[in-house]
Amino acid sequence: MSDPVSTNAISGTPTSQPEWQAMADTLAIEGRAYVKGSYRWAVNGETFPSVSPMDGRELAQVASCDKADADKAVAIARKVFERGDWRELAPAKRKAVLIRFAELIEAHGDELALLDTLDMGKPISHARTVDVPATARAIRWTAEAIDKVYGELAPTPHNQIGMISREPMGVVAAIVPWNFPMIMAAWKIAPALATGNSVILKPSEKSPLTAIRLAALATEAGIPDGVFNVLPGFGHTVGKALALHMDVDCLVFTGSTNVAKQLMVYAGQSNMKRVWLEAGGKSPNIVFADAPDLKKAAAEAASAIAFNQGEVCTAGSRLLVEESIRAEFVGLIREALTTWRPGHPLDPATTCGAIVDQAQLDRIIDYIGIGRSEGATLVEGGQRVMAETGGLFVQPTVFDGVNNRMRIASEEIFGPVLSVIGFTTAEEAIEIANDSIYGLAAAVWTSNINTAHKVAKALRAGSVWINHYDGGDMTAPFGGFKQSGNGRDKSLHAFDKYTELKATWLVLE
């Protein structure tokens, strides 16, 4: 296999589909694992194909790592951690390296965006203007914060000093999903690295290419060999091996609730490693009749289900609308969705790209059929389109007349399928919204500050947005309630996931 593209920055961002396609045609794609500062094939020599959902073509053969690779990577990560190459580096120096890492991500933004688009089908315009900047921003923000987090002094008698310090855990295994390959990786690896840990990143087998590329950029930035390693492969092989490994100190994960539950079992069966889980969602987007701008609310509701093809854990997949405006609002949603139509992912004008793979497309189509069979009213979309291209595309879909007993309202679809549910009072809206095993995110649209406060306070969700959808930045924690997991990505709270508190007592003579 060819070496990856040069570490020299790619200049001149393409501005048209032919230009992006020309770049894609000449892009050398790396598929090997990255361990101890170099690319290498899996110990067993096995590979799997990375297939683009845009057109079904093979992009690369990717190393299919398993237990032998996990054992090797963990041993290397442990050795460099104990040696202190990174752990003992002053926080300000770790900060400088991570900021350089963020700068390299920005410099290689075209290449990284293209890899994500080719690998999982998202529109190139979104990959370039959302995913790349957000990835660099997460690493830079975390780096800037690390030398501003202080320990504590305990209240003690006059002849004693009690010092409370944060110590890095050791070896962190991070398992990330396929829908935002770079952003989700950055949310995990940035605070883990900043606090002095060694990290092994296991990207999804559905979109491993940017993680593999990021590894070389991390080395170029100055992260010592063995501190940051990437093992592509499947969850039931290398993912399971990392979760069961007796020398992995911390396991962080974003993905489905079912997998999250299994990882908790593995942690208990092994060494009781710390486990932080970001899991599924079925987020309610609640629109009251007095919303300050119904057209804006409809536009954001459309974006909340269609952005990234609905493959978003916080997707506003349950739209709760006050009955007095329900018919009007459904019409506004349909109008707003006219700007969210499937198109070629390399066309900068495209807003909806391809579904990540055939299995996910089949799942979405199956749920559309379930919605019909359950008696919901299909008012928009519902069809696979552009099949002649060899790509995997589906129309954004809206069902009206839905209730929480229907599977399309209770189960996470992870696709552009919206369920519209009516309500008449704030109390009813709260009851419907909370009637879910999930509790990741929610939104409330109203001009009444009392209603906004009352409803937001009552919602069992980790993030609640008022009169907008999917807001916030790196300063606010991200995580869920209930079966959406216990994780807390972003903000200073993320550092707590990767550190242990040590109390040191000094008794003075």
# chains A, B, ... in the order shown; residues from 1 in each chain; ligands from 1
$ residues_around --residues "region 226-240 of chain A" --least-positions-apart "4" --cutoff "7 Å" --atoms "only C-alpha atoms" --output "ChimeraX atom specification"
/A:33-37,63-67,70,76-77,80,198-203,205,208,211-212,215,244
$ residues_around --residues "region 157-170 of chain A" --least-positions-apart "6" --cutoff "8 Å" --atoms "only C-alpha atoms" --output "list of chain:residue names"
A:Arg78, A:Phe81, A:Arg87, A:Tyr150, A:Gly151, A:Thr195, A:Gly196, A:Asn197, A:Ser198, A:Val248, A:Asp249, A:Cys250, A:Tyr498, A:Thr499, A:Glu500, A:Leu501, A:Lys502, A:Ala503, A:Thr504, A:Trp505, A:Leu506, A:Val507, A:Leu508, A:Glu509
$ closest_atom_pairs --of "region 145-254 of chain A" --to "region 110-123 of chain A" --cutoff "9 Å" --atoms "only C-alpha atoms" --output "Markdown table"
| residue | atom | partner | partner_atom | distance |
| --- | --- | --- | --- | --- |
| A:Trp178 | CA | A:Met120 | CA | 7.2 |
| A:Asn179 | CA | A:Met120 | CA | 7.2 |
| A:Phe180 | CA | A:Asp116 | CA | 8.3 |
| A:Pro181 | CA | A:Asp116 | CA | 7.3 |
| A:Met182 | CA | A:Asp116 | CA | 8.1 |
| A:Lys206 | CA | A:Met120 | CA | 7.0 |
| A:Ser207 | CA | A:Asp119 | CA | 5.4 |
| A:Pro208 | CA | A:Asp119 | CA | 7.8 |
| A:Leu209 | CA | A:Leu115 | CA | 6.3 |
| A:Thr210 | CA | A:Leu112 | CA | 6.1 |
| A:Arg213 | CA | A:Leu112 | CA | 7.8 |
| A:Leu214 | CA | A:Leu112 | CA | 8.4 |
$ atom_distance --atom1 "CA of Thr47 (chain A)" --atom2 "CA of Val62 (chain A)"
5.1 Å
$ select_by_dssp --residues "region 150-330 of chain A" --states "strand (DSSP E)" --output "PyMOL selection string"
chain A and resi 152-154+160-168+171-175+198-202+228-230+250-254+274-278+284-287+318-322
$ select_by_dssp --residues "region 39-256 of chain A" --states "helix (DSSP H, G or I)" --output "compact mmCIF listing (two decimals) with N, CA, C and O atoms, in the first residue's frame"
# COMPACT_ATOMS: atom_id res chain seq x y z
N LYS A 67 -6.91 -9.32 19.41
CA LYS A 67 -6.35 -9.35 20.76
C LYS A 67 -4.82 -9.21 20.75
O LYS A 67 -4.25 -8.52 21.62
N ALA A 68 -4.15 -9.82 19.79
CA ALA A 68 -2.69 -9.73 19.75
C ALA A 68 -2.24 -8.28 19.58
O ALA A 68 -1.26 -7.84 20.20
N ASP A 69 -2.93 -7.54 18.75
CA ASP A 69 -2.59 -6.13 18.54
C ASP A 69 -2.90 -5.32 19.80
O ASP A 69 -2.13 -4.42 20.17
N ALA A 70 -4.03 -5.64 20.45
CA ALA A 70 -4.38 -4.93 21.69
C ALA A 70 -3.31 -5.17 22.75
O ALA A 70 -2.88 -4.24 23.44
N ASP A 71 -2.89 -6.42 22.89
CA ASP A 71 -1.87 -6.74 23.89
C ASP A 71 -0.58 -5.96 23.62
O ASP A 71 0.04 -5.42 24.55
N LYS A 72 -0.18 -5.91 22.36
CA LYS A 72 1.06 -5.22 22.01
C LYS A 72 0.93 -3.72 22.26
O LYS A 72 1.83 -3.10 22.86
N ALA A 73 -0.17 -3.14 21.82
CA ALA A 73 -0.35 -1.69 21.98
C ALA A 73 -0.45 -1.30 23.44
O ALA A 73 0.11 -0.28 23.87
N VAL A 74 -1.17 -2.10 24.23
CA VAL A 74 -1.30 -1.79 25.66
C VAL A 74 0.06 -1.88 26.35
O VAL A 74 0.40 -1.03 27.19
N ALA A 75 0.84 -2.89 26.01
CA ALA A 75 2.17 -3.03 26.63
C ALA A 75 3.05 -1.83 26.30
O ALA A 75 3.76 -1.31 27.18
N ILE A 76 3.00 -1.38 25.07
CA ILE A 76 3.80 -0.22 24.66
C ILE A 76 3.30 1.04 25.37
O ILE A 76 4.09 1.85 25.88
N ALA A 77 1.98 1.21 25.39
CA ALA A 77 1.40 2.39 26.03
C ALA A 77 1.73 2.42 27.52
O ALA A 77 2.03 3.47 28.10
N ARG A 78 1.68 1.25 28.16
CA ARG A 78 2.01 1.17 29.58
C ARG A 78 3.48 1.51 29.82
O ARG A 78 3.82 2.26 30.75
N LYS A 79 4.35 0.98 29.01
CA LYS A 79 5.78 1.21 29.19
C LYS A 79 6.12 2.69 29.08
O LYS A 79 6.86 3.24 29.91
N VAL A 80 5.58 3.36 28.06
CA VAL A 80 5.91 4.78 27.89
C VAL A 80 5.26 5.62 28.99
O VAL A 80 5.81 6.64 29.41
N PHE A 81 4.10 5.16 29.49
CA PHE A 81 3.47 5.88 30.60
C PHE A 81 4.34 5.79 31.85
O PHE A 81 4.60 6.80 32.52
N GLU A 82 4.76 4.59 32.18
CA GLU A 82 5.57 4.41 33.39
C GLU A 82 6.92 5.12 33.27
O GLU A 82 7.45 5.62 34.26
N ARG A 83 7.44 5.17 32.05
CA ARG A 83 8.72 5.85 31.84
C ARG A 83 8.60 7.36 32.03
O ARG A 83 9.57 8.05 32.35
N PRO A 91 2.66 20.47 32.29
CA PRO A 91 1.40 20.72 31.58
C PRO A 91 1.53 21.76 30.48
O PRO A 91 0.93 21.61 29.41
N ALA A 92 2.30 22.80 30.72
CA ALA A 92 2.46 23.83 29.69
C ALA A 92 3.14 23.28 28.44
O ALA A 92 2.85 23.72 27.32
N LYS A 93 4.02 22.31 28.62
CA LYS A 93 4.69 21.72 27.46
C LYS A 93 3.76 20.75 26.73
O LYS A 93 3.78 20.68 25.49
N ARG A 94 2.96 19.99 27.48
CA ARG A 94 1.94 19.16 26.82
C ARG A 94 0.97 20.05 26.05
O ARG A 94 0.54 19.70 24.94
N LYS A 95 0.63 21.17 26.64
CA LYS A 95 -0.26 22.12 25.98
C LYS A 95 0.31 22.55 24.63
O LYS A 95 -0.40 22.55 23.61
N ALA A 96 1.57 22.90 24.59
CA ALA A 96 2.19 23.38 23.35
C ALA A 96 2.15 22.32 22.26
O ALA A 96 1.89 22.62 21.09
N VAL A 97 2.37 21.07 22.64
CA VAL A 97 2.34 19.98 21.67
C VAL A 97 0.93 19.79 21.12
O VAL A 97 0.72 19.63 19.90
N LEU A 98 -0.06 19.82 22.00
CA LEU A 98 -1.43 19.62 21.56
C LEU A 98 -1.92 20.79 20.71
O LEU A 98 -2.70 20.59 19.76
N ILE A 99 -1.49 21.99 21.01
CA ILE A 99 -1.86 23.12 20.16
C ILE A 99 -1.24 22.94 18.77
O ILE A 99 -1.89 23.23 17.74
N ARG A 100 -0.03 22.45 18.72
CA ARG A 100 0.59 22.15 17.42
C ARG A 100 -0.20 21.07 16.69
O ARG A 100 -0.39 21.14 15.47
N PHE A 101 -0.70 20.10 17.41
CA PHE A 101 -1.55 19.06 16.83
C PHE A 101 -2.80 19.69 16.20
O PHE A 101 -3.18 19.36 15.07
N ALA A 102 -3.44 20.60 16.91
CA ALA A 102 -4.62 21.28 16.38
C ALA A 102 -4.27 22.07 15.12
O ALA A 102 -5.05 22.10 14.15
N GLU A 103 -3.12 22.72 15.13
CA GLU A 103 -2.70 23.49 13.95
C GLU A 103 -2.49 22.58 12.74
O GLU A 103 -2.84 22.95 11.61
N LEU A 104 -1.94 21.41 12.96
CA LEU A 104 -1.73 20.47 11.85
C LEU A 104 -3.05 19.95 11.31
O LEU A 104 -3.20 19.74 10.10
N ILE A 105 -4.01 19.75 12.19
CA ILE A 105 -5.35 19.34 11.74
C ILE A 105 -5.96 20.41 10.84
O ILE A 105 -6.52 20.11 9.77
N GLU A 106 -5.82 21.66 11.24
CA GLU A 106 -6.34 22.75 10.41
C GLU A 106 -5.59 22.82 9.08
O GLU A 106 -6.20 23.04 8.02
N ALA A 107 -4.28 22.65 9.11
CA ALA A 107 -3.49 22.73 7.89
C ALA A 107 -3.84 21.62 6.91
O ALA A 107 -3.76 21.80 5.70
N GLY A 109 -6.84 20.27 6.68
CA GLY A 109 -8.29 20.21 6.74
C GLY A 109 -8.94 19.64 5.51
O GLY A 109 -9.92 18.88 5.59
N ASP A 110 -8.44 19.98 4.32
CA ASP A 110 -9.04 19.45 3.09
C ASP A 110 -8.91 17.94 3.02
O ASP A 110 -9.86 17.22 2.70
N GLU A 111 -7.72 17.46 3.31
CA GLU A 111 -7.46 16.02 3.28
C GLU A 111 -8.33 15.27 4.28
O GLU A 111 -8.95 14.24 3.95
N LEU A 112 -8.40 15.77 5.52
CA LEU A 112 -9.17 15.10 6.55
C LEU A 112 -10.67 15.13 6.25
O LEU A 112 -11.37 14.14 6.44
N ALA A 113 -11.16 16.27 5.76
CA ALA A 113 -12.57 16.37 5.39
C ALA A 113 -12.89 15.38 4.27
O ALA A 113 -13.94 14.71 4.29
N LEU A 114 -12.02 15.30 3.30
CA LEU A 114 -12.25 14.39 2.17
C LEU A 114 -12.27 12.94 2.64
O LEU A 114 -13.11 12.15 2.20
N LEU A 115 -11.36 12.58 3.54
CA LEU A 115 -11.36 11.21 4.06
C LEU A 115 -12.68 10.87 4.75
O LEU A 115 -13.24 9.78 4.55
N ASP A 116 -13.18 11.79 5.57
CA ASP A 116 -14.46 11.54 6.24
C ASP A 116 -15.60 11.41 5.25
O ASP A 116 -16.47 10.54 5.39
N THR A 117 -15.62 12.27 4.26
CA THR A 117 -16.70 12.22 3.26
C THR A 117 -16.65 10.93 2.47
O THR A 117 -17.68 10.27 2.26
N LEU A 118 -15.49 10.55 2.01
CA LEU A 118 -15.35 9.31 1.25
C LEU A 118 -15.71 8.10 2.11
O LEU A 118 -16.33 7.14 1.64
N ASP A 119 -15.35 8.15 3.38
CA ASP A 119 -15.44 6.99 4.25
C ASP A 119 -16.84 6.76 4.79
O ASP A 119 -17.29 5.61 4.90
N MET A 120 -17.55 7.85 5.18
CA MET A 120 -18.88 7.65 5.79
C MET A 120 -20.00 8.43 5.13
O MET A 120 -21.14 8.31 5.53
N ILE A 124 -19.31 17.07 1.87
CA ILE A 124 -17.98 17.64 2.00
C ILE A 124 -18.03 19.03 2.64
O ILE A 124 -17.13 19.40 3.40
N SER A 125 -19.08 19.78 2.35
CA SER A 125 -19.18 21.12 2.93
C SER A 125 -19.30 21.05 4.45
O SER A 125 -18.76 21.90 5.17
N HIS A 126 -20.01 20.04 4.95
CA HIS A 126 -20.13 19.88 6.40
C HIS A 126 -18.83 19.35 7.00
O HIS A 126 -18.39 19.81 8.07
N ALA A 127 -18.22 18.39 6.33
CA ALA A 127 -16.95 17.84 6.84
C ALA A 127 -15.90 18.94 6.95
O ALA A 127 -15.13 18.99 7.92
N ARG A 128 -15.88 19.83 5.95
CA ARG A 128 -14.84 20.87 5.92
C ARG A 128 -15.12 22.02 6.87
O ARG A 128 -14.18 22.59 7.47
N THR A 129 -16.39 22.41 7.02
CA THR A 129 -16.70 23.60 7.82
C THR A 129 -17.20 23.28 9.22
O THR A 129 -17.25 24.17 10.07
N VAL A 130 -17.55 22.03 9.48
CA VAL A 130 -18.03 21.64 10.81
C VAL A 130 -17.03 20.69 11.47
O VAL A 130 -16.47 20.99 12.52
N ASP A 131 -16.79 19.55 10.87
CA ASP A 131 -16.02 18.50 11.53
C ASP A 131 -14.56 18.89 11.75
O ASP A 131 -14.03 18.70 12.85
N VAL A 132 -13.92 19.41 10.72
CA VAL A 132 -12.50 19.76 10.87
C VAL A 132 -12.31 20.87 11.90
O VAL A 132 -11.50 20.73 12.84
N PRO A 133 -13.02 22.00 11.78
CA PRO A 133 -12.83 23.05 12.79
C PRO A 133 -13.18 22.60 14.21
O PRO A 133 -12.49 22.96 15.16
N ALA A 134 -14.24 21.81 14.34
CA ALA A 134 -14.65 21.35 15.68
C ALA A 134 -13.60 20.43 16.29
O ALA A 134 -13.37 20.45 17.50
N THR A 135 -12.97 19.62 15.46
CA THR A 135 -11.92 18.72 15.94
C THR A 135 -10.73 19.53 16.45
O THR A 135 -10.24 19.30 17.56
N ALA A 136 -10.27 20.46 15.65
CA ALA A 136 -9.14 21.30 16.05
C ALA A 136 -9.49 22.13 17.28
O ALA A 136 -8.67 22.30 18.20
N ARG A 137 -10.71 22.65 17.31
CA ARG A 137 -11.13 23.49 18.44
C ARG A 137 -11.16 22.69 19.74
O ARG A 137 -10.75 23.18 20.80
N ALA A 138 -11.63 21.44 19.69
CA ALA A 138 -11.69 20.61 20.89
C ALA A 138 -10.30 20.36 21.44
O ALA A 138 -10.07 20.43 22.66
N ILE A 139 -9.35 20.08 20.55
CA ILE A 139 -7.98 19.81 21.01
C ILE A 139 -7.33 21.08 21.53
O ILE A 139 -6.68 21.08 22.58
N ARG A 140 -7.53 22.20 20.83
CA ARG A 140 -6.92 23.45 21.26
C ARG A 140 -7.51 23.92 22.60
O ARG A 140 -6.76 24.34 23.49
N TRP A 141 -8.83 23.88 22.74
CA TRP A 141 -9.46 24.35 23.97
C TRP A 141 -8.98 23.52 25.16
O TRP A 141 -8.63 24.06 26.22
N THR A 142 -8.94 22.21 24.98
CA THR A 142 -8.51 21.34 26.06
C THR A 142 -7.06 21.59 26.42
O THR A 142 -6.68 21.62 27.60
N ALA A 143 -6.23 21.77 25.39
CA ALA A 143 -4.82 22.07 25.64
C ALA A 143 -4.65 23.36 26.42
O ALA A 143 -3.87 23.44 27.39
N GLU A 144 -5.39 24.38 26.03
CA GLU A 144 -5.29 25.68 26.71
C GLU A 144 -5.73 25.60 28.16
O GLU A 144 -5.27 26.38 29.01
N ALA A 145 -6.61 24.65 28.47
CA ALA A 145 -7.16 24.59 29.82
C ALA A 145 -6.28 23.80 30.79
O ALA A 145 -6.35 24.02 32.01
N ILE A 146 -5.43 22.90 30.28
CA ILE A 146 -4.81 21.93 31.17
C ILE A 146 -3.88 22.56 32.19
O ILE A 146 -3.76 22.06 33.32
N PRO A 181 -16.39 10.86 13.03
CA PRO A 181 -15.16 10.15 13.38
C PRO A 181 -14.09 11.03 14.03
O PRO A 181 -13.45 10.61 15.00
N MET A 182 -13.90 12.24 13.51
CA MET A 182 -12.87 13.10 14.06
C MET A 182 -13.30 13.78 15.34
O MET A 182 -12.56 13.84 16.33
N ILE A 183 -14.50 14.34 15.35
CA ILE A 183 -14.97 15.10 16.52
C ILE A 183 -15.05 14.20 17.74
O ILE A 183 -14.57 14.55 18.83
N MET A 184 -15.66 13.03 17.58
CA MET A 184 -15.80 12.13 18.71
C MET A 184 -14.43 11.66 19.21
O MET A 184 -14.21 11.51 20.42
N ALA A 185 -13.50 11.45 18.29
CA ALA A 185 -12.14 11.08 18.70
C ALA A 185 -11.50 12.21 19.49
O ALA A 185 -10.89 11.99 20.54
N ALA A 186 -11.64 13.44 19.01
CA ALA A 186 -11.03 14.59 19.68
C ALA A 186 -11.59 14.78 21.08
O ALA A 186 -10.85 15.10 22.03
N TRP A 187 -12.91 14.61 21.25
CA TRP A 187 -13.51 14.76 22.57
C TRP A 187 -12.92 13.78 23.57
O TRP A 187 -12.87 14.06 24.77
N LYS A 188 -12.50 12.60 23.08
CA LYS A 188 -11.93 11.59 23.98
C LYS A 188 -10.43 11.80 24.18
O LYS A 188 -9.93 11.84 25.30
N ILE A 189 -9.70 11.89 23.06
CA ILE A 189 -8.24 11.85 23.17
C ILE A 189 -7.66 13.15 23.72
O ILE A 189 -6.61 13.12 24.38
N ALA A 190 -8.31 14.29 23.47
CA ALA A 190 -7.73 15.56 23.90
C ALA A 190 -7.58 15.63 25.42
O ALA A 190 -6.47 15.88 25.91
N PRO A 191 -8.63 15.42 26.21
CA PRO A 191 -8.43 15.49 27.66
C PRO A 191 -7.61 14.33 28.20
O PRO A 191 -6.89 14.48 29.20
N ALA A 192 -7.69 13.15 27.54
CA ALA A 192 -6.90 12.01 28.00
C ALA A 192 -5.41 12.29 27.82
O ALA A 192 -4.60 12.02 28.71
N LEU A 193 -5.04 12.84 26.68
CA LEU A 193 -3.65 13.18 26.43
C LEU A 193 -3.21 14.38 27.27
O LEU A 193 -2.10 14.40 27.83
N ALA A 194 -4.06 15.38 27.37
CA ALA A 194 -3.68 16.58 28.11
C ALA A 194 -3.35 16.28 29.56
O ALA A 194 -2.47 16.91 30.16
N LEU A 209 -10.70 5.91 8.68
CA LEU A 209 -9.59 6.50 7.92
C LEU A 209 -9.03 7.78 8.53
O LEU A 209 -7.82 8.01 8.50
N THR A 210 -9.87 8.65 9.07
CA THR A 210 -9.32 9.88 9.65
C THR A 210 -8.56 9.60 10.94
O THR A 210 -7.54 10.25 11.22
N ALA A 211 -9.02 8.65 11.73
CA ALA A 211 -8.28 8.32 12.96
C ALA A 211 -6.88 7.83 12.63
O ALA A 211 -5.90 8.21 13.29
N ILE A 212 -6.79 7.01 11.59
CA ILE A 212 -5.49 6.50 11.17
C ILE A 212 -4.59 7.65 10.73
O ILE A 212 -3.40 7.70 11.05
N ARG A 213 -5.15 8.60 10.02
CA ARG A 213 -4.36 9.74 9.54
C ARG A 213 -3.97 10.67 10.69
O ARG A 213 -2.85 11.22 10.73
N LEU A 214 -4.88 10.88 11.63
CA LEU A 214 -4.59 11.76 12.76
C LEU A 214 -3.39 11.28 13.56
O LEU A 214 -2.64 12.08 14.13
N ALA A 215 -3.18 9.96 13.60
CA ALA A 215 -2.09 9.42 14.40
C ALA A 215 -0.74 9.96 13.94
O ALA A 215 0.10 10.34 14.77
N ALA A 216 -0.52 10.00 12.63
CA ALA A 216 0.75 10.51 12.12
C ALA A 216 0.89 12.00 12.40
O ALA A 216 2.00 12.48 12.68
N LEU A 217 -0.21 12.74 12.34
CA LEU A 217 -0.15 14.17 12.64
C LEU A 217 0.18 14.39 14.12
O LEU A 217 0.88 15.35 14.47
N ALA A 218 -0.30 13.50 14.99
CA ALA A 218 0.02 13.61 16.41
C ALA A 218 1.51 13.44 16.65
O ALA A 218 2.13 14.17 17.43
N THR A 219 2.10 12.48 15.95
CA THR A 219 3.55 12.28 16.06
C THR A 219 4.31 13.49 15.53
O THR A 219 5.28 13.95 16.14
N GLU A 220 3.87 14.02 14.40
CA GLU A 220 4.51 15.20 13.84
C GLU A 220 4.42 16.38 14.80
O GLU A 220 5.34 17.20 14.88
N ALA A 221 3.33 16.45 15.55
CA ALA A 221 3.16 17.55 16.50
C ALA A 221 4.11 17.43 17.69
O ALA A 221 4.37 18.43 18.37
N GLY A 235 -15.58 -4.32 16.73
CA GLY A 235 -15.89 -4.25 18.14
C GLY A 235 -15.75 -5.59 18.84
O GLY A 235 -15.29 -5.66 19.98
N HIS A 236 -16.16 -6.68 18.17
CA HIS A 236 -16.14 -7.99 18.82
C HIS A 236 -14.75 -8.61 18.86
O HIS A 236 -14.55 -9.67 19.47
N THR A 237 -13.77 -7.95 18.21
CA THR A 237 -12.40 -8.46 18.26
C THR A 237 -11.53 -7.53 19.07
O THR A 237 -11.36 -7.70 20.28
N VAL A 238 -10.98 -6.50 18.44
CA VAL A 238 -10.06 -5.62 19.15
C VAL A 238 -10.77 -4.75 20.18
O VAL A 238 -10.22 -4.45 21.25
N GLY A 239 -12.02 -4.35 19.91
CA GLY A 239 -12.76 -3.58 20.90
C GLY A 239 -12.99 -4.37 22.17
O GLY A 239 -12.76 -3.87 23.29
N LYS A 240 -13.42 -5.61 22.03
CA LYS A 240 -13.62 -6.49 23.18
C LYS A 240 -12.31 -6.73 23.92
O LYS A 240 -12.27 -6.73 25.16
N ALA A 241 -11.23 -6.93 23.16
CA ALA A 241 -9.94 -7.19 23.78
C ALA A 241 -9.49 -6.01 24.64
O ALA A 241 -8.95 -6.20 25.75
N LEU A 242 -9.69 -4.80 24.17
CA LEU A 242 -9.33 -3.63 24.96
C LEU A 242 -10.21 -3.50 26.20
O LEU A 242 -9.73 -3.16 27.29
N ALA A 243 -11.50 -3.77 26.04
CA ALA A 243 -12.43 -3.64 27.16
C ALA A 243 -12.15 -4.66 28.26
O ALA A 243 -12.38 -4.39 29.44
N LEU A 244 -11.64 -5.84 27.88
CA LEU A 244 -11.35 -6.89 28.85
C LEU A 244 -9.91 -6.85 29.36
O LEU A 244 -9.56 -7.60 30.27
$ atom_distance --atom1 "CA of Val149 (chain A)" --atom2 "CA of Asp496 (chain A)"
10.8 Å
$ closest_residue --among "A:Ile413, A:Ala461, A:Ile286, A:Ala90" --to "Asp362 (chain A)" --atoms "only C-alpha atoms"
A:Ile413
$ residues_around --residues "Ala494 (chain A)" --least-positions-apart "5" --cutoff "8 Å" --atoms "only C-alpha atoms" --output "list in words"
Pro191, Pro477, Arg488 and Asp489 of chain A
$ residues_around --residues "Leu361 (chain A)" --least-positions-apart "4" --cutoff "9 Å" --atoms "only C-alpha atoms" --output "number ranges by chain"
A: 355-357, 365-366, 384, 392-394, 415
$ write_last_selection --atoms "C-alpha atoms" --output "tab-separated table (two decimals), in the first residue's frame"
chain	number	residue	atom	x	y	z
A	355	ILE	CA	-25.94	6.64	4.68
A	356	VAL	CA	-22.81	5.04	6.13
A	357	ASP	CA	-23.38	1.48	4.86
A	365	ILE	CA	-35.89	1.63	5.43
A	366	ASP	CA	-37.17	-1.05	7.82
A	384	ARG	CA	-34.43	5.36	-1.11
A	392	LEU	CA	-26.75	4.70	-0.27
A	393	PHE	CA	-29.21	7.60	-0.08
A	394	VAL	CA	-32.60	8.04	1.59
A	415	GLY	CA	-31.37	8.12	10.38
